[in-house]
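> Just passing along the structure, written as structure tokens.
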Amino acid sequence: MIGGLYRPGDSPIHRMKPGAKLLALLLFAIGMLAFSSPLIAGAGLALASLAYPIGGLSWRIAFAQIRPLLLVLIVLLAVQTWLVSFEAGLLLFLRFAALILAAGLVTLTTKTGDLVETLERGLSPFARFGVDTAKVSLAISLAIRFMPVIAAVFSDIREAQAARGRDRSAIALAVPLIVRLLKMGDEIAEAIDARS
Amino acid sequence: MATRDIVFIALFAALMAALGLFPPLMIPGLGIPITAQSMGPMLIGGILGARRGFLSMLLFLALVAIGMPLLSGGRGGLAAFVGPWSGFIYGWALAALVIGFLIERVWSRLDFVRAFGISVLGGIGIIYGVGVPWYSAMSGMGLVEAFTGSMIAFIPGDLIKAGIAAAVIVAVKRAYPLITPQLSRSRA
């Protein structure tokens with residue numbers, strides 16, 4: 001099973017309601033995009049960074065959120081400095097770093113299960129438009145359950161195609177994989193319907 | 001929506017996640033990564049059709065948003081939705097919808113050429129159509145500069161992916177068709 005990005009803890013941020021955290025993140029993002037001043041973006045970045053120790057998370061974890069995008073951000077800073085001004089580049093750099101840190105913090109401090117629940121609750125007002133939350137839950141749990149199954153089926157097929165010397169061809173791997181998954185899907189759907 | 005549709009939506013969201021596990025292929029000499037995952041919207045739209053394909057991609061994005069590291073390179077969480085490149089993953093959902101819609105329209109006459117054309121239109125046209133303006137708006141860079149500056153280098157890889165996706169879509173249609181050709185029947 002693929003684990004989430006959640007880091008267990010008991011900090012004030014961990015204890016906040018998931019819905020409240022998502023709302024706070026939304027307001028933070030609106031605020032960051034509304035003001036075009038590097039000073040305010042810098043303050044936002046400081047705020048998001050300081051929230052990590054409050055959440056019981058180290059600076060190393062905070063930096064790990066930014067690292068995958070650091071190169072992109074540096075290129076953005078350089079291109080903006082070249083095309084517009086250093087100030088414009090700095091604004092974007094600080095703004096994105098702050099947004100990524102804040103979004104990462106919500107992800108790190110909220111259990112996947114709690115977010116799924118919040119998602120379902122958030123969808124319930126849409127029930128009158130034909131959104132069935134029970135079916136959404138079923139789809140989420142099935143998708144999570146299918147991931148290791150797909151990996152297992154794929155390694156079977158790769159072995160079989162390797163025996164034929166065809167394991168380097170994307171098409172020779174993808175077609176039997178998908179056809180087998182579709183057959184499996186039909187069987188599972190029949191099994192679910194037979195039980196209910 | 002029938003149980004069968006829910007199962008297929010979940011199955012392809014999981015397949016999208018599985019595509020993220022493949023290590024990116026590097027184009028020799030250019031250092032540009034080709035990820036298998038961006039082939040997902042073409043396959044999902046082309047095999048499931050518009051409605052199920054779109055919902056499957058939304059489900060995948062929801063799983064990413066709730067903190068599962070399913071994007072290629074193990075990225076995930078809400079941070080993936082606020083970056084300068086995030087327009088591309090929003091584009092995936094729209095691409096699956098458009099590809100599904102077009103594939104349904106040509107279903108009875110579907111061949112490699114049509115599947116390839118639709119994959120290019122949706123999987124490249126739509127995805128860049130969302131991703132480039134997003135990047136441009138987020139970075140303040142002009143549309144043309146944003147495109148030629150960096151993204152144009154990914155186009156050859158995307159064309160290869162559209163070719164693979166088209167071949168798979170046609171082969172799966174022959175072996176295990178899922179789309180009911182109600183729309184093309186009305187034409188005949």
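Residues in the structure tokens are numbered from 1 in each chain, the chains being A, B, ... in the order shown, and ligands are numbered from 1 in the order shown.
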Compile the contact shell of Gly100 of chain B as a list in words: residues with an atom at most 9 Å away, counting only C-alpha atoms, same-chain residues fewer than 4 positions apart removed.
Met42, Ile44, Gly45, Gly46, Ile47, Leu48, Gly49, Ala50, Arg51, Arg52, Gly53, Phe54, Ala95, Ala96, Glu104 and Arg105 of chain B
> Dump N, CA, C and O atoms for the selected residues as a compact mmCIF listing (two decimals), in the first residue's frame?

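Result went into part_24.txt, see below:
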```txt
# COMPACT_ATOMS: atom_id res chain seq x y z
N MET B 42 -4.67 10.56 -22.06
CA MET B 42 -5.03 10.05 -23.39
C MET B 42 -5.65 8.66 -23.26
O MET B 42 -6.70 8.37 -23.84
N ILE B 44 -6.95 7.20 -20.58
CA ILE B 44 -8.18 7.17 -19.78
C ILE B 44 -9.36 7.70 -20.58
O ILE B 44 -10.43 7.10 -20.61
N GLY B 45 -9.17 8.82 -21.27
CA GLY B 45 -10.25 9.36 -22.10
C GLY B 45 -10.58 8.41 -23.24
O GLY B 45 -11.75 8.17 -23.54
N GLY B 46 -9.54 7.85 -23.86
CA GLY B 46 -9.74 7.02 -25.05
C GLY B 46 -10.35 5.67 -24.75
O GLY B 46 -10.96 5.06 -25.63
N ILE B 47 -10.17 5.17 -23.52
CA ILE B 47 -10.70 3.84 -23.19
C ILE B 47 -12.03 3.95 -22.43
O ILE B 47 -12.95 3.20 -22.67
N LEU B 48 -12.13 4.92 -21.52
CA LEU B 48 -13.34 5.02 -20.70
C LEU B 48 -14.41 5.93 -21.32
O LEU B 48 -15.57 5.87 -20.93
N GLY B 49 -14.02 6.80 -22.23
CA GLY B 49 -14.98 7.78 -22.75
C GLY B 49 -15.00 9.03 -21.88
O GLY B 49 -14.29 9.12 -20.87
N ALA B 50 -15.82 10.01 -22.29
CA ALA B 50 -15.74 11.34 -21.69
C ALA B 50 -16.11 11.36 -20.21
O ALA B 50 -15.34 11.80 -19.36
N ARG B 51 -17.30 10.85 -19.89
CA ARG B 51 -17.82 11.01 -18.54
C ARG B 51 -16.99 10.24 -17.51
O ARG B 51 -16.48 10.80 -16.55
N ARG B 52 -16.81 8.93 -17.78
CA ARG B 52 -16.04 8.12 -16.84
C ARG B 52 -14.58 8.56 -16.81
O ARG B 52 -13.94 8.58 -15.76
N GLY B 53 -14.05 8.92 -17.99
CA GLY B 53 -12.65 9.35 -18.05
C GLY B 53 -12.39 10.60 -17.24
O GLY B 53 -11.42 10.69 -16.49
N PHE B 54 -13.29 11.58 -17.38
CA PHE B 54 -13.17 12.83 -16.64
C PHE B 54 -13.24 12.56 -15.13
O PHE B 54 -12.41 13.04 -14.36
N ALA B 95 -8.38 17.31 -20.58
CA ALA B 95 -7.93 16.52 -21.71
C ALA B 95 -8.64 15.18 -21.76
O ALA B 95 -9.09 14.74 -22.82
N ALA B 96 -8.78 14.52 -20.61
CA ALA B 96 -9.48 13.23 -20.57
C ALA B 96 -10.92 13.41 -21.06
O ALA B 96 -11.44 12.58 -21.82
N GLU B 104 -15.59 8.99 -28.54
CA GLU B 104 -16.97 8.49 -28.63
C GLU B 104 -17.59 8.85 -29.97
O GLU B 104 -18.36 8.09 -30.55
N ARG B 105 -17.28 10.05 -30.47
CA ARG B 105 -17.86 10.50 -31.73
C ARG B 105 -17.39 9.67 -32.92
O ARG B 105 -18.12 9.50 -33.88
```
> Tell me the residues of chain B close to chain A, meaning within 7 Å using only C-alpha atoms, as a PyMOL selection string.
chain B and resi 3-4+6-8+10-11+13-15+18+66-69+77-79+82-83+139+164+168+171-172+176
> Neighbouring residues of Gly163 of chain B were defined as those with any atom within 10 Å, considering only C-alpha atoms; residues of the same chain fewer than 5 positions away were excluded. Please report them as an mmCIF file with N, CA, C and O atoms, in the first residue's frame.

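Heads up, here's the output in result.cif:
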```
data_model
loop_
_atom_site.group_PDB
_atom_site.id
_atom_site.type_symbol
_atom_site.label_atom_id
_atom_site.label_comp_id
_atom_site.auth_asym_id
_atom_site.auth_seq_id
_atom_site.Cartn_x
_atom_site.Cartn_y
_atom_site.Cartn_z
ATOM 1 N N ILE A 171 3.779 -0.920 -25.870
ATOM 2 C CA ILE A 171 2.459 -1.365 -26.314
ATOM 3 C C ILE A 171 2.217 -2.822 -25.922
ATOM 4 O O ILE A 171 1.133 -3.180 -25.465
ATOM 5 N N MET B 39 0.809 10.334 -20.292
ATOM 6 C CA MET B 39 0.088 9.516 -21.258
ATOM 7 C C MET B 39 -1.285 9.115 -20.686
ATOM 8 O O MET B 39 -2.192 8.759 -21.429
ATOM 9 N N PHE B 112 -6.043 3.909 -36.070
ATOM 10 C CA PHE B 112 -4.870 4.506 -35.430
ATOM 11 C C PHE B 112 -4.756 5.998 -35.734
ATOM 12 O O PHE B 112 -4.477 6.799 -34.852
ATOM 13 N N VAL B 113 -5.015 6.357 -37.003
ATOM 14 C CA VAL B 113 -4.828 7.759 -37.404
ATOM 15 C C VAL B 113 -5.768 8.674 -36.621
ATOM 16 O O VAL B 113 -5.362 9.713 -36.096
ATOM 17 N N ALA B 115 -7.272 7.980 -33.740
ATOM 18 C CA ALA B 115 -6.923 7.946 -32.318
ATOM 19 C C ALA B 115 -5.695 8.815 -32.055
ATOM 20 O O ALA B 115 -5.628 9.531 -31.044
ATOM 21 N N PHE B 116 -4.749 8.780 -32.988
ATOM 22 C CA PHE B 116 -3.534 9.594 -32.821
ATOM 23 C C PHE B 116 -3.878 11.088 -32.892
ATOM 24 O O PHE B 116 -3.435 11.880 -32.067
ATOM 25 N N GLY B 117 -4.690 11.450 -33.894
ATOM 26 C CA GLY B 117 -5.092 12.849 -34.041
ATOM 27 C C GLY B 117 -5.783 13.367 -32.785
ATOM 28 O O GLY B 117 -5.489 14.468 -32.299
ATOM 29 N N SER B 119 -5.562 12.082 -29.741
ATOM 30 C CA SER B 119 -4.610 12.106 -28.618
ATOM 31 C C SER B 119 -3.728 13.345 -28.673
ATOM 32 O O SER B 119 -3.416 13.940 -27.645
ATOM 33 N N VAL B 120 -3.332 13.725 -29.883
ATOM 34 C CA VAL B 120 -2.499 14.920 -30.028
ATOM 35 C C VAL B 120 -3.307 16.166 -29.653
ATOM 36 O O VAL B 120 -2.865 17.008 -28.875
ATOM 37 N N GLY B 157 8.587 14.291 -27.159
ATOM 38 C CA GLY B 157 8.224 13.210 -26.241
ATOM 39 C C GLY B 157 6.723 13.021 -26.178
ATOM 40 O O GLY B 157 6.215 11.897 -26.134
ATOM 41 N N ASP B 158 5.985 14.136 -26.201
ATOM 42 C CA ASP B 158 4.528 14.051 -26.153
ATOM 43 C C ASP B 158 3.969 13.390 -27.397
ATOM 44 O O ASP B 158 2.968 12.671 -27.329
ATOM 45 N N VAL B 168 -2.552 1.787 -28.242
ATOM 46 C CA VAL B 168 -3.177 1.046 -27.141
ATOM 47 C C VAL B 168 -4.695 1.213 -27.182
ATOM 48 O O VAL B 168 -5.448 0.242 -27.012
ATOM 49 N N ILE B 169 -5.164 2.441 -27.450
ATOM 50 C CA ILE B 169 -6.612 2.695 -27.495
ATOM 51 C C ILE B 169 -7.271 1.821 -28.568
ATOM 52 O O ILE B 169 -8.312 1.186 -28.325
#
```
> When you draw a straight line from atom CA of Gly9 of chain A to atom CA of Trp59 of chain A, how long is it in Å?
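Taking atom CA of Gly9 of chain A as the start and atom CA of Trp59 of chain A as the end point, the length is 15.6 Å.
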> Which residue out of B:Trp107, B:Tyr128, B:Ala80, B:Val64 has the minimum interatomic distance to Leu94 of chain B when only C-alpha atoms are used?
B:Tyr128
> Please run DSSP on the backbone and report, as a PyMOL selection string, all residues within chain A that come out as alpha helix (DSSP H).
chain A and resi 12-15+18-34+38-54+59-83+86-109+112-123+133-163+170-195
> Taking only C-alpha atoms into account, which of B:Pro84, B:Gly40, B:Gly140, B:Pro156 comes nearest Gly20 of chain B?
B:Gly40
> Which is closer to Leu39 of chain A than all the others in A:Glu120, A:Glu87, A:Asp10, A:Asp167, using only C-alpha atoms?
A:Glu87
> Report, in Å to a single decimal, how far apart atom CA of Glu117 of chain A and atom CA of Ser196 of chain A are.
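Distance between the two atoms: 22.8 Å.
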